[in-house]
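**Student:** One structure, as structure tokens, below. Some questions next.
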Amino acid sequence: MIKLKKYINSVVKGSKARTTKVNFNIAVSFLLKAASIIVAFLTISFSLKLLDTSKYGIWLAISSTVGWISILDIGLANGLRNKIAEYLAVKHYKEAKIAVSSTYAILFIIMVPILLLFGILLKFANWNSIFNTKLDERELTLTVATVFIGLLLQFFLKPISSILQGDQKIYKSNFILLICNFVPLIPIIFFSKYLHGSMFALALAQTILPVFVLMIYTIILFQTEYIKIRPAFKYIKLAKSKSLFGLSFAFFIIQIAGVFLYSTTELIITREFGGSDVTLFNLLFKYFSTVLLIFGIIMNSYWSAFTNAFALNDFPWITASIRKLVRIASLFLAVIVLQQLLIVPVFKLWVGNKIHVPFTLSLTMVVYFSLNLFTTLYSIVLNGTGRVKLQAIVSITTAILHVPVVLFFIRYLHWGLNSLVYSNMLWSFIQVIAWKWEINRVLKADPRLPKEEFPQEGLIEPKLVFDAKQN
């Protein structure tokens, strides 16, 4: 009886401390993310002054295609985030140090051969043919090489963000991201005045400068607050990190599906419609995704908190948090509708008269992003539990189907740019249902919980929006 009382007291205290950390992360991260959004919008504005609309569309296609680098870590960043949260919750610093050291070792092993293979590809590839352009071959090659090398180095340095997130210090991770976004803005403003039309200059600013920021913060943090888990050669033990790599592989499948959807979208638009439509679609997507960025601040603060709660078997806190997050997500639906009402004046202020936004395209994005609120919510809960097998299966299936479905919509149904949004809406609707079902299954496995399903609001809200669009 005494042991049970101590356990209950520890859970209650742990729940309060966890909630306090989450709320602090949310409050500070909101301010940092607001600054990041302003910086991002300014970067786009000055980038459009540096490049014309068509050339900027090609730049977006290049950066999103080379963005495949982000999946090369086979999901180690997210796997490390979960493991750090688990190990620090129970104060297992040696295991955390092994996980960190092994992660960096694997990333280095992956990075070196990829860099060598790219060097060979760079020499023989016809980049104008790949991106369906007629740009100067030398500038295009230099741009692709710069973006690749910059993103590859960022890929190697990103575990520091995973460690901060796993330690429920999301605000510090967001601060580093803000600095990474702000530093390139200064030279881009300069380039827009004196190097008009230089895609290579834009590539240098946006992909190389953040590498130095990440490097500096990595060194500082491992010399100070994370000195106990600082990577070391003797702690590289891949055999002891099987659970990390198993979890990482599932995250890898989810990552590869997400990057595939993102990168193929802009390639499809480039080849089917042209560079100008890439710019239109990308700007419209960024405009509505600001809501998801804000909502993501809340959700990312909960990810490692959910992992911590599962590690300590604090199921009541998990259930209560999900109910609260469903209500919050429902409020964000109104913000998306408000964005649609203000889209014309906002775009005029943002990019002037360069871009005309079709009403039907913006309306379909309203539906898609409404669904995406709940897809994001439920996926973060599942990510926190570490049970991501169903996510991996559904994500890779929808990724495989994405291109043929989009091309069918474009070429046979003639739905134009809307085709890409309709396809994404379909995948989001499937994911909402699948993720919700899996969460109910995970929570029902805890014998202390009541057997009835918890919050149904998550399925009701997006379904109403989806049905309204169909009518």
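Identifiers in this document derive from the order of the structure tokens: chains are assigned A, B, ..., residues are numbered from 1 separately in each chain, and ligands are numbered from 1 in order of occurrence.
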Which range 69-132 of chain A residues have any atom within 9 Å of an atom of range 370-390 of chain A, and for each, what is the nearest pair of atoms with distance in Å to one decimal, counting only C-alpha atoms, rows sorted by chain and number, as JSON lines?
**Tutor:**
```
{"residue": "A:Asn78", "atom": "CA", "partner": "A:Asn383", "partner_atom": "CA", "distance": 8.4}
{"residue": "A:Gly79", "atom": "CA", "partner": "A:Gly386", "partner_atom": "CA", "distance": 8.4}
{"residue": "A:Asn82", "atom": "CA", "partner": "A:Gly384", "partner_atom": "CA", "distance": 6.9}
```
**Student:** Only C-alpha atoms, please: the residues just picked out, written as a PDB file, in the first residue's frame.
**Tutor:**
```
ATOM      1  CA  ASN A  78      13.321  10.739 -34.736  1.00  0.00           C
ATOM      2  CA  GLY A  79      14.452   7.435 -33.268  1.00  0.00           C
ATOM      3  CA  ASN A  82      12.375   9.062 -28.613  1.00  0.00           C
TER       4      ASN A  82
END
```
**Student:** Neighbouring residues of Leu48 in chain A were defined as those with any atom within 10 Å, considering only C-alpha atoms; residues of the same chain fewer than 2 positions away were excluded. Please report them as a PDB file with C-alpha atoms, in the first residue's frame.
**Tutor:**
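Contents of part.pdb, as written:
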```
ATOM      1  CA  LEU A  42      10.921  38.075 -46.000  1.00  0.00           C
ATOM      2  CA  THR A  43      13.306  35.496 -47.469  1.00  0.00           C
ATOM      3  CA  ILE A  44      10.732  34.525 -50.089  1.00  0.00           C
ATOM      4  CA  SER A  45      10.009  38.168 -50.899  1.00  0.00           C
ATOM      5  CA  PHE A  46      13.687  39.056 -51.446  1.00  0.00           C
ATOM      6  CA  LEU A  50      16.740  38.115 -56.749  1.00  0.00           C
ATOM      7  CA  LEU A  51      15.174  35.632 -59.223  1.00  0.00           C
ATOM      8  CA  ASP A  52      12.207  35.986 -61.561  1.00  0.00           C
ATOM      9  CA  THR A  53       9.068  33.914 -60.947  1.00  0.00           C
ATOM     10  CA  SER A  54      10.025  31.138 -63.381  1.00  0.00           C
ATOM     11  CA  LYS A  55      13.610  30.844 -62.156  1.00  0.00           C
ATOM     12  CA  TYR A  56      12.460  30.851 -58.533  1.00  0.00           C
ATOM     13  CA  GLY A  57      10.153  27.957 -59.407  1.00  0.00           C
ATOM     14  CA  SER A 192      18.781  40.910 -54.572  1.00  0.00           C
ATOM     15  CA  HIS A 196      20.060  39.814 -59.781  1.00  0.00           C
ATOM     16  CA  GLY A 197      19.298  36.436 -61.341  1.00  0.00           C
ATOM     17  CA  THR A 279       5.893  29.264 -57.578  1.00  0.00           C
ATOM     18  CA  VAL A 351       4.325  39.497 -53.485  1.00  0.00           C
ATOM     19  CA  LYS A 354       3.122  38.909 -59.573  1.00  0.00           C
TER      20      LYS A 354
END
```
**Student:** Hey, which of A:Leu407, A:Ala77, A:Ala311, A:Ile98 ends up closest to Lys237 in chain A? Count only C-alpha atoms.
**Tutor:**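 Answer, going by the shortest atom-to-atom distance: A:Ile98.
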**Student:** How would you write, as a PyMOL selection string, the set of residues in range 163-223 of chain A that DSSP gives as alpha helix (DSSP H)?
**Tutor:** chain A and resi 163-166+170-194+199-203+209-223
**Student:** Would you mind exporting the chosen residues as a short mmCIF file (atom, residue, chain, number, x, y, z; two decimals), in the first residue's frame, restricted to N, CA and C atoms?
**Tutor:**
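Wrote it out as out-v2.cif, contents follow:
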```cif
data_model
loop_
_atom_site.label_atom_id
_atom_site.label_comp_id
_atom_site.auth_asym_id
_atom_site.auth_seq_id
_atom_site.Cartn_x
_atom_site.Cartn_y
_atom_site.Cartn_z
N ILE A 163 18.24 15.77 -29.85
CA ILE A 163 18.57 15.67 -28.42
C ILE A 163 17.81 16.72 -27.61
N LEU A 164 17.79 17.94 -28.10
CA LEU A 164 17.05 19.01 -27.42
C LEU A 164 15.55 18.69 -27.35
N GLN A 165 15.02 18.17 -28.44
CA GLN A 165 13.59 17.83 -28.47
C GLN A 165 13.29 16.67 -27.52
N GLY A 166 14.16 15.67 -27.51
CA GLY A 166 13.96 14.53 -26.61
C GLY A 166 14.05 14.93 -25.15
N ILE A 170 12.21 22.03 -26.56
CA ILE A 170 11.84 22.36 -27.94
C ILE A 170 12.19 23.81 -28.26
N TYR A 171 12.03 24.67 -27.26
CA TYR A 171 12.27 26.10 -27.51
C TYR A 171 13.71 26.36 -27.94
N LYS A 172 14.66 25.59 -27.41
CA LYS A 172 16.06 25.78 -27.82
C LYS A 172 16.28 25.29 -29.25
N SER A 173 15.63 24.19 -29.60
CA SER A 173 15.70 23.70 -30.97
C SER A 173 15.10 24.72 -31.94
N ASN A 174 13.99 25.33 -31.54
CA ASN A 174 13.35 26.34 -32.39
C ASN A 174 14.20 27.61 -32.50
N PHE A 175 14.93 27.93 -31.44
CA PHE A 175 15.81 29.10 -31.49
C PHE A 175 16.94 28.88 -32.50
N ILE A 176 17.51 27.67 -32.48
CA ILE A 176 18.57 27.35 -33.44
C ILE A 176 18.03 27.43 -34.87
N LEU A 177 16.80 26.92 -35.06
CA LEU A 177 16.17 26.98 -36.38
C LEU A 177 15.97 28.43 -36.83
N LEU A 178 15.56 29.29 -35.91
CA LEU A 178 15.38 30.71 -36.22
C LEU A 178 16.69 31.33 -36.69
N ILE A 179 17.77 31.05 -35.99
CA ILE A 179 19.07 31.60 -36.37
C ILE A 179 19.50 31.06 -37.74
N CYS A 180 19.24 29.76 -37.98
CA CYS A 180 19.57 29.16 -39.28
C CYS A 180 18.79 29.82 -40.42
N ASN A 181 17.58 30.27 -40.13
CA ASN A 181 16.77 30.94 -41.15
C ASN A 181 17.14 32.42 -41.31
N PHE A 182 17.53 33.04 -40.19
CA PHE A 182 17.79 34.48 -40.22
C PHE A 182 19.14 34.81 -40.88
N VAL A 183 20.16 34.03 -40.56
CA VAL A 183 21.50 34.31 -41.08
C VAL A 183 21.53 34.43 -42.61
N PRO A 184 20.87 33.53 -43.38
CA PRO A 184 20.89 33.67 -44.84
C PRO A 184 20.15 34.90 -45.36
N LEU A 185 19.19 35.43 -44.60
CA LEU A 185 18.38 36.55 -45.08
C LEU A 185 19.23 37.78 -45.40
N ILE A 186 20.24 38.04 -44.58
CA ILE A 186 21.07 39.24 -44.76
C ILE A 186 21.78 39.23 -46.12
N PRO A 187 22.51 38.15 -46.47
CA PRO A 187 23.14 38.15 -47.80
C PRO A 187 22.12 38.11 -48.95
N ILE A 188 20.95 37.48 -48.74
CA ILE A 188 19.93 37.44 -49.80
C ILE A 188 19.44 38.85 -50.12
N ILE A 189 19.26 39.69 -49.09
CA ILE A 189 18.87 41.08 -49.32
C ILE A 189 19.94 41.80 -50.15
N PHE A 190 21.20 41.53 -49.81
CA PHE A 190 22.32 42.13 -50.56
C PHE A 190 22.34 41.62 -52.00
N PHE A 191 22.21 40.30 -52.17
CA PHE A 191 22.25 39.71 -53.51
C PHE A 191 21.11 40.22 -54.39
N SER A 192 19.94 40.46 -53.79
CA SER A 192 18.78 40.91 -54.57
C SER A 192 19.03 42.27 -55.22
N LYS A 193 19.96 43.05 -54.66
CA LYS A 193 20.28 44.37 -55.21
C LYS A 193 21.43 44.32 -56.21
N TYR A 194 22.41 43.44 -55.96
CA TYR A 194 23.65 43.49 -56.75
C TYR A 194 23.93 42.24 -57.58
N MET A 199 21.13 32.24 -59.17
CA MET A 199 20.60 31.14 -58.39
C MET A 199 21.68 30.54 -57.49
N PHE A 200 22.92 30.58 -57.97
CA PHE A 200 24.05 30.06 -57.19
C PHE A 200 24.23 30.84 -55.89
N ALA A 201 24.08 32.18 -55.97
CA ALA A 201 24.21 33.02 -54.78
C ALA A 201 23.13 32.67 -53.76
N LEU A 202 21.91 32.43 -54.23
CA LEU A 202 20.82 32.04 -53.33
C LEU A 202 21.12 30.71 -52.67
N ALA A 203 21.69 29.77 -53.43
CA ALA A 203 22.03 28.45 -52.90
C ALA A 203 23.08 28.55 -51.79
N LEU A 209 25.32 28.60 -45.19
CA LEU A 209 25.43 29.37 -43.93
C LEU A 209 24.80 28.66 -42.73
N PRO A 210 23.64 27.98 -42.88
CA PRO A 210 23.08 27.27 -41.71
C PRO A 210 24.00 26.17 -41.17
N VAL A 211 24.90 25.64 -42.02
CA VAL A 211 25.84 24.61 -41.57
C VAL A 211 26.72 25.15 -40.44
N PHE A 212 27.21 26.38 -40.59
CA PHE A 212 28.07 26.98 -39.57
C PHE A 212 27.30 27.22 -38.27
N VAL A 213 26.04 27.61 -38.39
CA VAL A 213 25.21 27.82 -37.20
C VAL A 213 25.05 26.52 -36.42
N LEU A 214 24.71 25.45 -37.12
CA LEU A 214 24.52 24.14 -36.48
C LEU A 214 25.81 23.64 -35.85
N MET A 215 26.92 23.85 -36.53
CA MET A 215 28.21 23.39 -36.03
C MET A 215 28.57 24.09 -34.71
N ILE A 216 28.38 25.39 -34.66
CA ILE A 216 28.70 26.17 -33.46
C ILE A 216 27.84 25.72 -32.27
N TYR A 217 26.52 25.59 -32.50
CA TYR A 217 25.64 25.19 -31.40
C TYR A 217 25.91 23.75 -30.94
N THR A 218 26.25 22.87 -31.86
CA THR A 218 26.57 21.49 -31.49
C THR A 218 27.77 21.44 -30.55
N ILE A 219 28.82 22.18 -30.89
CA ILE A 219 30.03 22.21 -30.05
C ILE A 219 29.72 22.78 -28.67
N ILE A 220 29.00 23.88 -28.64
CA ILE A 220 28.69 24.54 -27.36
C ILE A 220 27.86 23.63 -26.44
N LEU A 221 26.80 23.02 -26.99
CA LEU A 221 25.90 22.21 -26.15
C LEU A 221 26.58 20.95 -25.62
N PHE A 222 27.46 20.34 -26.43
CA PHE A 222 28.15 19.14 -25.96
C PHE A 222 29.28 19.46 -24.98
N GLN A 223 29.65 20.72 -24.91
CA GLN A 223 30.65 21.12 -23.93
C GLN A 223 30.02 21.60 -22.63
#
```
**Student:** Counting only C-alpha atoms, which of A:Thr360, A:Ala305, A:Ser321, A:Ala257 gets nearest to His402 in chain A?
**Tutor:**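 That would be A:Ala257, the residue with the smallest distance to His402 in chain A.
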**Student:** Measuring between only C-alpha atoms, which one of A:Tyr302, A:Phe233, A:Phe310, A:Phe359 shows the shortest distance to Lys324 in chain A?
**Tutor:** A:Tyr302
**Student:** Quick one: of A:Gln339, A:Ile236, A:Pro159, A:Val147, who's nearest to Ala205 in chain A, counting only C-alpha atoms?
**Tutor:**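 Ranking A:Gln339, A:Ile236, A:Pro159, A:Val147 by distance to Ala205 in chain A, first place goes to A:Val147.
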**Student:** If we count only C-alpha atoms and set the cut-off at 6 Å, which residues sit around range 412-426 of chain A, ignoring sequence neighbours fewer than 5 positions away in its own chain? Please answer as a list in words.
**Tutor:**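 Surrounding residues, per the criterion: Leu361, Tyr368 and Val406 of chain A.
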**Student:** Go ahead and write the selection's residues with all heavy atoms as a PDB file, in the first residue's frame.
**Tutor:**
```
ATOM      1  N   LEU A 361      -8.445  26.669 -56.260  1.00  0.00           N
ATOM      2  CA  LEU A 361      -7.211  26.081 -55.739  1.00  0.00           C
ATOM      3  C   LEU A 361      -7.039  26.418 -54.263  1.00  0.00           C
ATOM      4  O   LEU A 361      -6.707  25.549 -53.453  1.00  0.00           O
ATOM      5  CB  LEU A 361      -6.006  26.582 -56.543  1.00  0.00           C
ATOM      6  CG  LEU A 361      -4.635  26.036 -56.122  1.00  0.00           C
ATOM      7  CD1 LEU A 361      -4.590  24.518 -56.246  1.00  0.00           C
ATOM      8  CD2 LEU A 361      -3.521  26.669 -56.960  1.00  0.00           C
ATOM      9  N   TYR A 368      -7.814  20.639 -47.384  1.00  0.00           N
ATOM     10  CA  TYR A 368      -6.646  19.791 -47.130  1.00  0.00           C
ATOM     11  C   TYR A 368      -5.982  20.121 -45.797  1.00  0.00           C
ATOM     12  O   TYR A 368      -5.682  19.246 -44.988  1.00  0.00           O
ATOM     13  CB  TYR A 368      -5.631  19.934 -48.265  1.00  0.00           C
ATOM     14  CG  TYR A 368      -4.284  19.349 -47.925  1.00  0.00           C
ATOM     15  CD1 TYR A 368      -4.120  17.974 -47.742  1.00  0.00           C
ATOM     16  CD2 TYR A 368      -3.170  20.173 -47.753  1.00  0.00           C
ATOM     17  CE1 TYR A 368      -2.890  17.436 -47.409  1.00  0.00           C
ATOM     18  CE2 TYR A 368      -1.939  19.643 -47.421  1.00  0.00           C
ATOM     19  CZ  TYR A 368      -1.803  18.279 -47.250  1.00  0.00           C
ATOM     20  OH  TYR A 368      -0.587  17.744 -46.908  1.00  0.00           O
ATOM     21  N   VAL A 406      -2.214  11.319 -59.076  1.00  0.00           N
ATOM     22  CA  VAL A 406      -2.122  12.716 -59.494  1.00  0.00           C
ATOM     23  C   VAL A 406      -2.133  12.830 -61.017  1.00  0.00           C
ATOM     24  O   VAL A 406      -2.841  13.672 -61.592  1.00  0.00           O
ATOM     25  CB  VAL A 406      -0.855  13.385 -58.917  1.00  0.00           C
ATOM     26  CG1 VAL A 406      -0.626  14.746 -59.569  1.00  0.00           C
ATOM     27  CG2 VAL A 406      -0.982  13.557 -57.417  1.00  0.00           C
TER      28      VAL A 406
END
```
**Student:** Excluding Phe24 in chain A and any residue of its chain fewer than 6 positions from it, enumerate the residues within 10 Å of it, using only C-alpha atoms, and give them as an MDAnalysis selection string.
**Tutor:** chainID A and resid 18 30 168:171 301
**Student:** Output the selection as an mmCIF file, in the first residue's frame - N, CA and C atoms for each residue.
**Tutor:**
```cif
data_model
loop_
_atom_site.group_PDB
_atom_site.id
_atom_site.type_symbol
_atom_site.label_atom_id
_atom_site.label_comp_id
_atom_site.auth_asym_id
_atom_site.auth_seq_id
_atom_site.Cartn_x
_atom_site.Cartn_y
_atom_site.Cartn_z
ATOM 1 N N ARG A 18 5.700 17.683 -16.187
ATOM 2 C CA ARG A 18 5.638 17.482 -17.643
ATOM 3 C C ARG A 18 4.764 18.546 -18.293
ATOM 4 N N PHE A 30 6.233 29.754 -29.461
ATOM 5 C CA PHE A 30 5.318 30.604 -30.230
ATOM 6 C C PHE A 30 6.023 31.876 -30.674
ATOM 7 N N GLN A 168 12.874 17.570 -23.994
ATOM 8 C CA GLN A 168 11.748 18.501 -23.818
ATOM 9 C C GLN A 168 12.214 19.954 -23.736
ATOM 10 N N LYS A 169 13.201 20.286 -24.573
ATOM 11 C CA LYS A 169 13.670 21.666 -24.704
ATOM 12 C C LYS A 169 13.457 22.118 -26.146
ATOM 13 N N ILE A 170 12.209 22.027 -26.564
ATOM 14 C CA ILE A 170 11.844 22.357 -27.945
ATOM 15 C C ILE A 170 12.187 23.809 -28.256
ATOM 16 N N TYR A 171 12.030 24.667 -27.265
ATOM 17 C CA TYR A 171 12.266 26.096 -27.506
ATOM 18 C C TYR A 171 13.705 26.361 -27.937
ATOM 19 N N SER A 301 5.861 20.175 -28.919
ATOM 20 C CA SER A 301 6.123 20.261 -27.480
ATOM 21 C C SER A 301 5.554 19.049 -26.749
#
```
